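Data block below; observations after.
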Amino acid sequence: MNVKKISELFNKELVVINMGLDSFADNLRKEEVKVLPMDWKPPAGGDKRLISLLEKLDA
Amino acid sequence: MKKILVRKNAYYDSVFLMLATKALKQRPGIKEAVVAMGTEVNLGLLKEIGLLSGEAESARPNDLVIAIEAETGEAVEEACRIAEEVLKKKSHGGGGEEDYRPVSLEGALKILPEANLVVISVPGRYAAREARQAVNKGLHVMLFSDHVSVEEEVELKEMALERGLLMMGPDCGTAILNGKPLCFANVVRGGSIGLVAASGSGLQEVSCCIDRMGGGISQAIGTGGRDLQDRRVRGRMMLMGIEALKHDPETRVIVVISKPPAEELAAKVLSKLKDTGKPCVVHFLGLKPSGTRGSMRFSGNMEEAAAMAVALSRGEEYRPLCFSLSEAEVSRVAEAEVKRMGSEQRYVRGLFAGGTLALEAMALFEEEGFRILSNVQKGPGRALHSPHCSESHAIVDLGDDVFTLGRPHPMIDPSQRDERIAKEAVDPETALVLLDVVLGYGAHEDPCGALAESVSKAKGQVAGRGGYLCVIASITGTEKDFQNMAEQKKKLESAGCLVMPSNYQASLLAVHVMRKVVSR
């Protein structure tokens with residue numbers, strides 16, 4: 001079990017991308033964490049058929 | 001009068017929308033108000049309440065629907081105007097100081113190439129795909145979203161393990177990395193105690209108790225509740241978290257918190273802990289402690305896990321945890337509470353926001369011979385007939401899915417519990433109400449404000465019938481949490497609540513009072 005990358009994370013400043021609830025990004029900012037909130041939207045307008053196609057493409 | 005508006009391609013997060021809906025519902029003259037994304041579930045709900053027509057019928061998951069029903073045309077128009085205003089304010093800088101917000105992970109990484117963690121709280125059906133992309137880009141993930149399948153969880157954790165990355169979750173509500181609280185977490189002192197927890201409110205309670213006892217946290221890793229419970233997940237992130245803490249020089253003591261795992265998995269966890277060579281504390285919820293095994297200690301409750309860890313971190317011998325009231329005081333308090341109760345008052349009603357806190361209370365009562373019914377228990381004689389209605393001795397986890405579908409979690413919006421307290425007060429058989437309050441980021445800004453009011457009202461109502469309602473609570477939080485612990489406590493106490501320093505102690509006091517109640 002290689003945990004080198006986790007050890008590196010423990011020794012660095014946390015730099016966060018926030019995808020979803022905005023309040024989580026706001027709270028991290030209050031703790032002086034560098035955070036970038038994304039403008040997240042359901043992919044393919046939330047169309048289930050298109051999403052499953054996208055997932056197949058991802059794979 | 002009804003009005004239904006659709007805003008195409010305007011996506012807002014669920015917590016914001018639920019709070020906006022609640023604010024509109026409270027306005028005068030409003031019969032019904034819904035501000036929600038056009039998902040299948042939401043459109044179904046709108047149809048059920050007769051608020052689905054026109055353009056809204058073909059709304060899609062990233063279209064916003066505002067549906068209002070009010071007594072007058074003016075009230076409808078006013079509510080729509082307010083909704084638009086709130087939404088406009090949110091889209092213009094409500095989310096932060098940056099002007100540009102990337103729509104894709106690739107875009108985000110172009111702006112912030114040094115990013116090392118992605119926090120994902122999008123609706124469950126989209127979450128696995130986003131998490132997969134983050135891991136593929138070499139990023140650690142905290143996956144707050146729930147409703148992710150076990151198969152997807154296994155796949156994501158396997159991918160993360162191969163790459164040496166953290167995959168905290170799905171359904172991981174809290175973590176503390178490098179001293180920074182993530183999602184629902186408290187501001188605790190830094191220190192040498194590392195936690196790996198498969199329980200959100202468990203991690204919060206133990207880390208807050210450690211802080212209160214003068215200890216500090218190095219790292220607190222959440223795994224998501226299924227990590228040790230589901231044989232298919234096989235404790236992948238628990239084992240990885242322990243390994244990470246083994247190699248962390250700041251961590252001198254390791255604490256593991258989980259519901260009891262299957263025997264073979266428990267053996268794996270214990271062997272992994274032994275392999276760290278560091279002193280460890282294990283708390284498997286609801287299991288009686290089996291003492292000390294080598295460098296490992298087993299705690300009987302969450303406060304004890306914290307006390308053991310703090311002692312170990314100081315190189316001191318652990319002295320069994322002291323109850324904050326002496327035996328004589330407990331007896332005096334219990335007697336005074338019970339003396340004022342009516343003869344028909346005989347049941348305990350636990351109303352919890354934290355799932356693990358509810359389980360801890362339940363285990364303690366059952367240990368003392370009380371048969372407790374609950375919405376999170378299964379099987380005849382264990383499960384409540386309806387989660388919405390208490391009977392006999394009952395402990396309810398109000399954070400369970402049955403209460404949170406389309407409504408904010410009770411830690412975010414305490415109003416659901418306020419309604420339940422009022423309901424318990426109507427029941428002439430209710431003797432004692434046991435409560436938890438969770439402070440910290442993510443939680444309501446003044447949880448004890450409204451709660452104190454509900455408690456006062458409930459107590460007044462019971463007193464009006466010549467009885468007395470005993471209310472016992474604990475607050476999971478620290479002095480450094482933004483809600484102001486001391487003030488929160490004062491609010492509850494002034495409403496006549498007995499506030500104990502931990503969930504364990506609150507539950508134990510409740511057990512003492514109930515023993516007196518049943519022996520009358």
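Simple scheme: letters A, B, ... for chains in structure tokens order, numbers from 1 for residues in each chain, numbers from 1 for ligands in the order shown.
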Checklist entry - Near Asn62 in chain B, counting only C-alpha atoms, which residues have an atom at most 9 Å away, once you skip same-chain residues fewer than 3 positions from it, shown as an NGL selection string? => result (:A and (41-43 or 45-46)) or (:B and (8-12 or 37-39 or 59))
Output for the residues just chosen: C-alpha atoms as a compact mmCIF listing (two decimals), in the first residue's frame:
# COMPACT_ATOMS: atom_id res chain seq x y z
CA LYS A 41 -24.26 21.68 -13.72
CA PRO A 42 -25.61 18.20 -14.50
CA PRO A 43 -23.77 16.93 -17.59
CA GLY A 45 -28.56 18.71 -19.26
CA GLY A 46 -29.23 15.78 -16.94
CA LYS B 8 -33.76 27.33 -18.44
CA ASN B 9 -30.15 26.32 -17.70
CA ALA B 10 -30.00 27.93 -14.28
CA TYR B 11 -28.50 25.42 -11.83
CA TYR B 12 -28.46 25.98 -8.06
CA MET B 37 -34.38 21.87 -10.16
CA GLY B 38 -36.51 20.08 -12.77
CA THR B 39 -35.45 16.54 -11.84
CA ALA B 59 -38.30 20.99 -17.44
Checklist entry - Please, which residues of range 360-443 of chain B, numbered as in this document, come out strand (DSSP E or B) from DSSP, as a ChimeraX atom specification? => result /B:373-374,383,386,389,394-397,430-438
Could you take the residues named above and write them with C-alpha atoms, as a JSON list (two decimals), in the first residue's frame?
[["chain", "number", "residue", "atom", "x", "y", "z"],
["B", 373, "LEU", "CA", -37.66, 1.35, 19.27],
["B", 374, "SER", "CA", -36.10, 3.31, 16.43],
["B", 383, "ALA", "CA", -38.36, -0.81, 14.45],
["B", 386, "SER", "CA", -43.77, 4.84, 11.63],
["B", 389, "CYS", "CA", -44.55, 8.80, 15.35],
["B", 394, "ALA", "CA", -37.97, 5.55, 21.19],
["B", 395, "ILE", "CA", -34.78, 7.03, 19.77],
["B", 396, "VAL", "CA", -35.12, 8.62, 16.34],
["B", 397, "ASP", "CA", -32.34, 9.55, 13.91],
["B", 430, "THR", "CA", -43.42, 11.32, 27.21],
["B", 431, "ALA", "CA", -41.26, 11.73, 30.31],
["B", 432, "LEU", "CA", -37.88, 12.69, 28.92],
["B", 433, "VAL", "CA", -36.59, 14.17, 25.67],
["B", 434, "LEU", "CA", -32.94, 13.47, 24.86],
["B", 435, "LEU", "CA", -31.26, 15.69, 22.27],
["B", 436, "ASP", "CA", -27.95, 16.22, 20.49],
["B", 437, "VAL", "CA", -26.77, 19.51, 19.01],
["B", 438, "VAL", "CA", -23.94, 19.57, 16.49]]
Checklist entry - Distance CA of Glu367 in chain B-CA of Arg382 in chain B, one decimal place? => result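 Value for the CA of Glu367 in chain B-CA of Arg382 in chain B distance: 14.6 Å.
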Checklist entry - Could you name the residues that touch range 253-263 of chain B at 7 Å or less, counting only C-alpha atoms, but leaving out those on the same chain fewer than 4 positions away, as a list in words? => result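 Selected residues are Ser192, Ile193, Gly194, Leu195, Val196, Ala197, Ala198, Ser199, Gly202, Leu228, Gln229, Ala267, Lys278, Pro279, Cys280, Val281, Val282, His283, Phe284, Leu285, Ala309, Leu312 and Ser313 of chain B.
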Using only N, CA and C atoms, please write the residues we just selected to a file, as a PDB file, in the first residue's frame.
ATOM      1  N   SER B 192      -1.394  15.617  18.067  1.00  0.00           N
ATOM      2  CA  SER B 192      -0.712  14.394  17.638  1.00  0.00           C
ATOM      3  C   SER B 192      -1.646  13.185  17.534  1.00  0.00           C
ATOM      4  N   ILE B 193      -2.964  13.418  17.612  1.00  0.00           N
ATOM      5  CA  ILE B 193      -3.913  12.297  17.527  1.00  0.00           C
ATOM      6  C   ILE B 193      -4.522  12.238  16.125  1.00  0.00           C
ATOM      7  N   GLY B 194      -4.344  11.102  15.470  1.00  0.00           N
ATOM      8  CA  GLY B 194      -4.895  10.913  14.129  1.00  0.00           C
ATOM      9  C   GLY B 194      -6.126  10.033  14.191  1.00  0.00           C
ATOM     10  N   LEU B 195      -7.166  10.409  13.434  1.00  0.00           N
ATOM     11  CA  LEU B 195      -8.427   9.652  13.461  1.00  0.00           C
ATOM     12  C   LEU B 195      -8.727   9.066  12.082  1.00  0.00           C
ATOM     13  N   VAL B 196      -9.258   7.865  12.053  1.00  0.00           N
ATOM     14  CA  VAL B 196      -9.890   7.358  10.827  1.00  0.00           C
ATOM     15  C   VAL B 196     -11.275   6.897  11.258  1.00  0.00           C
ATOM     16  N   ALA B 197     -12.302   7.446  10.618  1.00  0.00           N
ATOM     17  CA  ALA B 197     -13.656   7.166  11.090  1.00  0.00           C
ATOM     18  C   ALA B 197     -14.592   6.827   9.948  1.00  0.00           C
ATOM     19  N   ALA B 198     -15.413   5.796  10.177  1.00  0.00           N
ATOM     20  CA  ALA B 198     -16.446   5.435   9.213  1.00  0.00           C
ATOM     21  C   ALA B 198     -17.782   5.991   9.684  1.00  0.00           C
ATOM     22  N   SER B 199     -17.735   7.087  10.418  1.00  0.00           N
ATOM     23  CA  SER B 199     -18.931   7.685  10.992  1.00  0.00           C
ATOM     24  C   SER B 199     -18.726   9.189  11.126  1.00  0.00           C
ATOM     25  N   GLY B 202     -19.641  10.594  14.619  1.00  0.00           N
ATOM     26  CA  GLY B 202     -18.665   9.965  15.520  1.00  0.00           C
ATOM     27  C   GLY B 202     -17.339  10.694  15.468  1.00  0.00           C
ATOM     28  N   LEU B 228     -16.529  -0.102   6.237  1.00  0.00           N
ATOM     29  CA  LEU B 228     -16.319  -1.314   7.041  1.00  0.00           C
ATOM     30  C   LEU B 228     -17.585  -2.142   7.195  1.00  0.00           C
ATOM     31  N   GLN B 229     -18.718  -1.617   6.720  1.00  0.00           N
ATOM     32  CA  GLN B 229     -19.983  -2.321   6.912  1.00  0.00           C
ATOM     33  C   GLN B 229     -20.306  -3.262   5.768  1.00  0.00           C
ATOM     34  N   ALA B 267     -10.642  -8.120  12.318  1.00  0.00           N
ATOM     35  CA  ALA B 267      -9.321  -8.699  12.530  1.00  0.00           C
ATOM     36  C   ALA B 267      -8.288  -8.019  11.639  1.00  0.00           C
ATOM     37  N   LYS B 278       2.257   2.159  16.635  1.00  0.00           N
ATOM     38  CA  LYS B 278       1.866   3.331  17.431  1.00  0.00           C
ATOM     39  C   LYS B 278       0.757   2.919  18.392  1.00  0.00           C
ATOM     40  N   PRO B 279       0.639   3.612  19.523  1.00  0.00           N
ATOM     41  CA  PRO B 279      -0.497   3.323  20.398  1.00  0.00           C
ATOM     42  C   PRO B 279      -1.810   3.651  19.684  1.00  0.00           C
ATOM     43  N   CYS B 280      -2.790   2.789  19.855  1.00  0.00           N
ATOM     44  CA  CYS B 280      -4.054   2.962  19.128  1.00  0.00           C
ATOM     45  C   CYS B 280      -5.249   2.833  20.064  1.00  0.00           C
ATOM     46  N   VAL B 281      -6.341   3.506  19.701  1.00  0.00           N
ATOM     47  CA  VAL B 281      -7.608   3.360  20.417  1.00  0.00           C
ATOM     48  C   VAL B 281      -8.656   2.915  19.400  1.00  0.00           C
ATOM     49  N   VAL B 282      -9.404   1.882  19.755  1.00  0.00           N
ATOM     50  CA  VAL B 282     -10.431   1.375  18.845  1.00  0.00           C
ATOM     51  C   VAL B 282     -11.792   1.570  19.491  1.00  0.00           C
ATOM     52  N   HIS B 283     -12.696   2.184  18.750  1.00  0.00           N
ATOM     53  CA  HIS B 283     -14.066   2.257  19.248  1.00  0.00           C
ATOM     54  C   HIS B 283     -15.017   1.691  18.207  1.00  0.00           C
ATOM     55  N   PHE B 284     -15.494   0.483  18.469  1.00  0.00           N
ATOM     56  CA  PHE B 284     -16.526  -0.112  17.628  1.00  0.00           C
ATOM     57  C   PHE B 284     -17.852   0.134  18.343  1.00  0.00           C
ATOM     58  N   LEU B 285     -18.666   1.034  17.783  1.00  0.00           N
ATOM     59  CA  LEU B 285     -19.879   1.516  18.440  1.00  0.00           C
ATOM     60  C   LEU B 285     -20.791   0.408  18.942  1.00  0.00           C
ATOM     61  N   ALA B 309      -7.187   8.428  24.097  1.00  0.00           N
ATOM     62  CA  ALA B 309      -6.247   8.962  23.106  1.00  0.00           C
ATOM     63  C   ALA B 309      -5.444  10.121  23.689  1.00  0.00           C
ATOM     64  N   LEU B 312      -2.832   8.748  26.074  1.00  0.00           N
ATOM     65  CA  LEU B 312      -1.740   8.119  25.315  1.00  0.00           C
ATOM     66  C   LEU B 312      -0.848   9.169  24.653  1.00  0.00           C
ATOM     67  N   SER B 313      -1.460  10.236  24.139  1.00  0.00           N
ATOM     68  CA  SER B 313      -0.674  11.268  23.445  1.00  0.00           C
ATOM     69  C   SER B 313       0.246  12.006  24.421  1.00  0.00           C
TER      70      SER B 313
END
Item to check | Contact residues (chain A, partner chain B, 6 Å, only C-alpha atoms) as number ranges by chain | outcome: A: 2-3, 5, 10, 15-22, 24, 38-41, 45-46
Could those selected residues go to a file with N, CA and C atoms, as an mmCIF file, in the first residue's frame?
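The new file selection-v2.cif reads:
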data_model
loop_
_atom_site.group_PDB
_atom_site.id
_atom_site.type_symbol
_atom_site.label_atom_id
_atom_site.label_comp_id
_atom_site.auth_asym_id
_atom_site.auth_seq_id
_atom_site.Cartn_x
_atom_site.Cartn_y
_atom_site.Cartn_z
ATOM 1 N N ASN A 2 0.834 1.971 -1.104
ATOM 2 C CA ASN A 2 1.708 3.135 -1.228
ATOM 3 C C ASN A 2 0.957 4.415 -0.802
ATOM 4 N N VAL A 3 1.461 5.065 0.229
ATOM 5 C CA VAL A 3 0.754 6.265 0.709
ATOM 6 C C VAL A 3 1.610 7.529 0.550
ATOM 7 N N LYS A 5 1.738 9.734 -1.756
ATOM 8 C CA LYS A 5 0.999 10.944 -2.172
ATOM 9 C C LYS A 5 0.176 11.517 -1.012
ATOM 10 N N PHE A 10 -0.219 15.705 3.350
ATOM 11 C CA PHE A 10 -0.152 16.111 4.764
ATOM 12 C C PHE A 10 0.909 17.201 4.996
ATOM 13 N N VAL A 15 -5.173 22.767 -1.180
ATOM 14 C CA VAL A 15 -5.695 23.611 -2.257
ATOM 15 C C VAL A 15 -6.868 22.846 -2.870
ATOM 16 N N VAL A 16 -8.057 23.449 -2.775
ATOM 17 C CA VAL A 16 -9.289 22.683 -3.010
ATOM 18 C C VAL A 16 -10.073 23.174 -4.231
ATOM 19 N N ILE A 17 -10.579 22.215 -4.996
ATOM 20 C CA ILE A 17 -11.592 22.525 -6.010
ATOM 21 C C ILE A 17 -12.920 22.044 -5.426
ATOM 22 N N ASN A 18 -13.913 22.937 -5.384
ATOM 23 C CA ASN A 18 -15.198 22.582 -4.780
ATOM 24 C C ASN A 18 -16.261 22.421 -5.859
ATOM 25 N N MET A 19 -16.861 21.231 -5.857
ATOM 26 C CA MET A 19 -17.832 20.906 -6.893
ATOM 27 C C MET A 19 -19.145 20.585 -6.185
ATOM 28 N N GLY A 20 -20.109 21.500 -6.198
ATOM 29 C CA GLY A 20 -21.384 21.223 -5.524
ATOM 30 C C GLY A 20 -21.772 22.346 -4.589
ATOM 31 N N LEU A 21 -22.064 22.010 -3.337
ATOM 32 C CA LEU A 21 -22.602 22.995 -2.393
ATOM 33 C C LEU A 21 -21.628 24.164 -2.179
ATOM 34 N N ASP A 22 -22.095 25.363 -2.499
ATOM 35 C CA ASP A 22 -21.242 26.548 -2.396
ATOM 36 C C ASP A 22 -20.804 26.829 -0.973
ATOM 37 N N PHE A 24 -19.705 24.977 1.243
ATOM 38 C CA PHE A 24 -18.459 24.309 1.616
ATOM 39 C C PHE A 24 -17.246 25.149 1.196
ATOM 40 N N MET A 38 -16.508 25.522 -8.466
ATOM 41 C CA MET A 38 -16.861 25.345 -9.873
ATOM 42 C C MET A 38 -18.315 25.741 -10.104
ATOM 43 N N ASP A 39 -18.624 26.071 -11.327
ATOM 44 C CA ASP A 39 -20.010 26.331 -11.705
ATOM 45 C C ASP A 39 -20.550 25.003 -12.228
ATOM 46 N N TRP A 40 -20.837 24.107 -11.315
ATOM 47 C CA TRP A 40 -21.207 22.745 -11.719
ATOM 48 C C TRP A 40 -22.666 22.668 -12.173
ATOM 49 N N LYS A 41 -22.886 21.939 -13.238
ATOM 50 C CA LYS A 41 -24.260 21.676 -13.721
ATOM 51 C C LYS A 41 -24.340 20.212 -14.107
ATOM 52 N N GLY A 45 -27.250 18.199 -19.693
ATOM 53 C CA GLY A 45 -28.558 18.709 -19.260
ATOM 54 C C GLY A 45 -29.309 17.734 -18.383
ATOM 55 N N GLY A 46 -28.590 16.759 -17.819
ATOM 56 C CA GLY A 46 -29.231 15.778 -16.941
ATOM 57 C C GLY A 46 -29.918 14.658 -17.703
#
Item to check | Counting only C-alpha atoms, the residue of B:Pro408, B:Gly467, B:Gly286, B:Gly173 that sits nearest Ala20 in chain B | outcome: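 When distances to Ala20 in chain B are compared using only C-alpha atoms, the smallest one comes from B:Pro408.
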Item to check | Residue neighbourhood range 474-489 of chain B, 10 Å, only C-alpha atoms, exclusion window fewer than 4 positions, as a ChimeraX atom specification | outcome: /B:185-189,201-202,204-212,354,357,434-441,443-449,451-452,493-494,497-507
Item to check | DSSP-assigned helix (DSSP H, G or I) members of range 74-148 of chain B, reported as JSON, numbers by chain | outcome: {"B": [74, 75, 76, 77, 78, 79, 80, 81, 82, 83, 84, 85, 86, 87, 88, 89, 90, 91, 92, 93, 94, 105, 106, 107, 108, 109, 110, 111, 124, 125, 126, 127, 128, 129, 130, 131, 132, 133, 134, 135, 136]}
Same residues, N, CA and C atoms, saved as a compact mmCIF listing (two decimals), in the first residue's frame:
# COMPACT_ATOMS: atom_id res chain seq x y z
N GLU B 74 -51.55 39.15 -5.40
CA GLU B 74 -50.44 40.02 -4.94
C GLU B 74 -49.38 39.18 -4.22
N ALA B 75 -49.87 38.26 -3.36
CA ALA B 75 -48.93 37.43 -2.59
C ALA B 75 -48.10 36.56 -3.54
N VAL B 76 -48.74 36.05 -4.61
CA VAL B 76 -48.01 35.25 -5.59
C VAL B 76 -46.92 36.09 -6.24
N GLU B 77 -47.30 37.27 -6.71
CA GLU B 77 -46.34 38.14 -7.40
C GLU B 77 -45.19 38.53 -6.48
N GLU B 78 -45.52 38.85 -5.24
CA GLU B 78 -44.51 39.26 -4.27
C GLU B 78 -43.52 38.11 -4.02
N ALA B 79 -44.05 36.88 -3.88
CA ALA B 79 -43.18 35.72 -3.64
C ALA B 79 -42.27 35.47 -4.84
N CYS B 80 -42.83 35.60 -6.06
CA CYS B 80 -42.01 35.41 -7.26
C CYS B 80 -40.91 36.45 -7.34
N ARG B 81 -41.26 37.68 -6.99
CA ARG B 81 -40.28 38.77 -7.03
C ARG B 81 -39.14 38.47 -6.05
N ILE B 82 -39.51 38.02 -4.85
CA ILE B 82 -38.49 37.73 -3.83
C ILE B 82 -37.60 36.56 -4.26
N ALA B 83 -38.24 35.53 -4.84
CA ALA B 83 -37.48 34.37 -5.30
C ALA B 83 -36.45 34.80 -6.35
N GLU B 84 -36.90 35.60 -7.31
CA GLU B 84 -35.99 36.07 -8.38
C GLU B 84 -34.83 36.86 -7.79
N GLU B 85 -35.15 37.68 -6.80
CA GLU B 85 -34.14 38.53 -6.17
C GLU B 85 -33.06 37.68 -5.48
N VAL B 86 -33.53 36.68 -4.71
CA VAL B 86 -32.61 35.81 -3.98
C VAL B 86 -31.72 35.05 -4.97
N LEU B 87 -32.33 34.56 -6.04
CA LEU B 87 -31.58 33.78 -7.02
C LEU B 87 -30.56 34.66 -7.74
N LYS B 88 -30.98 35.89 -8.03
CA LYS B 88 -30.09 36.82 -8.73
C LYS B 88 -28.88 37.14 -7.85
N LYS B 89 -29.16 37.37 -6.57
CA LYS B 89 -28.10 37.69 -5.61
C LYS B 89 -27.10 36.53 -5.54
N LYS B 90 -27.65 35.33 -5.56
CA LYS B 90 -26.80 34.13 -5.47
C LYS B 90 -25.91 34.02 -6.72
N SER B 91 -26.50 34.27 -7.92
CA SER B 91 -25.67 34.12 -9.12
C SER B 91 -24.66 35.25 -9.28
N HIS B 92 -24.87 36.38 -8.57
CA HIS B 92 -23.91 37.47 -8.67
C HIS B 92 -23.04 37.55 -7.43
N GLY B 93 -22.17 36.58 -7.30
CA GLY B 93 -21.17 36.68 -6.25
C GLY B 93 -21.53 36.08 -4.93
N GLY B 94 -22.72 35.44 -4.82
CA GLY B 94 -23.06 34.78 -3.57
C GLY B 94 -22.12 33.64 -3.26
N LEU B 105 -13.69 20.20 -14.62
CA LEU B 105 -12.51 19.96 -13.79
C LEU B 105 -11.25 20.39 -14.54
N GLU B 106 -11.23 20.13 -15.85
CA GLU B 106 -10.08 20.55 -16.67
C GLU B 106 -9.90 22.05 -16.55
N GLY B 107 -11.03 22.77 -16.69
CA GLY B 107 -10.99 24.23 -16.60
C GLY B 107 -10.50 24.68 -15.24
N ALA B 108 -10.96 24.00 -14.19
CA ALA B 108 -10.57 24.38 -12.83
C ALA B 108 -9.07 24.16 -12.65
N LEU B 109 -8.55 23.07 -13.20
CA LEU B 109 -7.13 22.77 -13.04
C LEU B 109 -6.24 23.74 -13.84
N LYS B 110 -6.80 24.33 -14.88
CA LYS B 110 -6.03 25.34 -15.62
C LYS B 110 -5.84 26.58 -14.75
N ILE B 111 -6.89 26.92 -13.98
CA ILE B 111 -6.81 28.10 -13.11
C ILE B 111 -6.02 27.78 -11.85
N GLY B 124 -26.13 12.55 -6.08
CA GLY B 124 -25.50 11.23 -6.12
C GLY B 124 -25.36 10.60 -7.49
N ARG B 125 -26.38 10.78 -8.35
CA ARG B 125 -26.31 10.06 -9.64
C ARG B 125 -25.21 10.60 -10.55
N TYR B 126 -24.70 11.79 -10.25
CA TYR B 126 -23.61 12.34 -11.07
C TYR B 126 -22.25 12.22 -10.38
N ALA B 127 -22.28 11.86 -9.09
CA ALA B 127 -21.07 12.01 -8.26
C ALA B 127 -19.93 11.07 -8.65
N ALA B 128 -20.26 9.80 -8.95
CA ALA B 128 -19.20 8.83 -9.23
C ALA B 128 -18.40 9.25 -10.46
N ARG B 129 -19.09 9.73 -11.46
CA ARG B 129 -18.40 10.14 -12.70
C ARG B 129 -17.40 11.27 -12.40
N GLU B 130 -17.84 12.24 -11.60
CA GLU B 130 -16.96 13.36 -11.27
C GLU B 130 -15.76 12.88 -10.44
N ALA B 131 -16.03 11.98 -9.49
CA ALA B 131 -14.96 11.47 -8.63
C ALA B 131 -13.93 10.68 -9.45
N ARG B 132 -14.45 9.89 -10.39
CA ARG B 132 -13.58 9.11 -11.28
C ARG B 132 -12.63 10.03 -12.03
N GLN B 133 -13.18 11.13 -12.56
CA GLN B 133 -12.35 12.07 -13.32
C GLN B 133 -11.28 12.69 -12.42
N ALA B 134 -11.66 13.02 -11.18
CA ALA B 134 -10.70 13.65 -10.25
C ALA B 134 -9.55 12.68 -9.94
N VAL B 135 -9.89 11.42 -9.67
CA VAL B 135 -8.84 10.43 -9.36
C VAL B 135 -7.94 10.24 -10.57
N ASN B 136 -8.54 10.19 -11.74
CA ASN B 136 -7.74 10.03 -12.96
C ASN B 136 -6.76 11.19 -13.17
Item to check | Proximity to Pro414 in chain B - best of B:Ser295, B:Ser324, B:Ser454, B:Thr21, only C-alpha atoms | outcome: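 Of the candidates, the smallest distance to Pro414 in chain B is held by B:Ser454.
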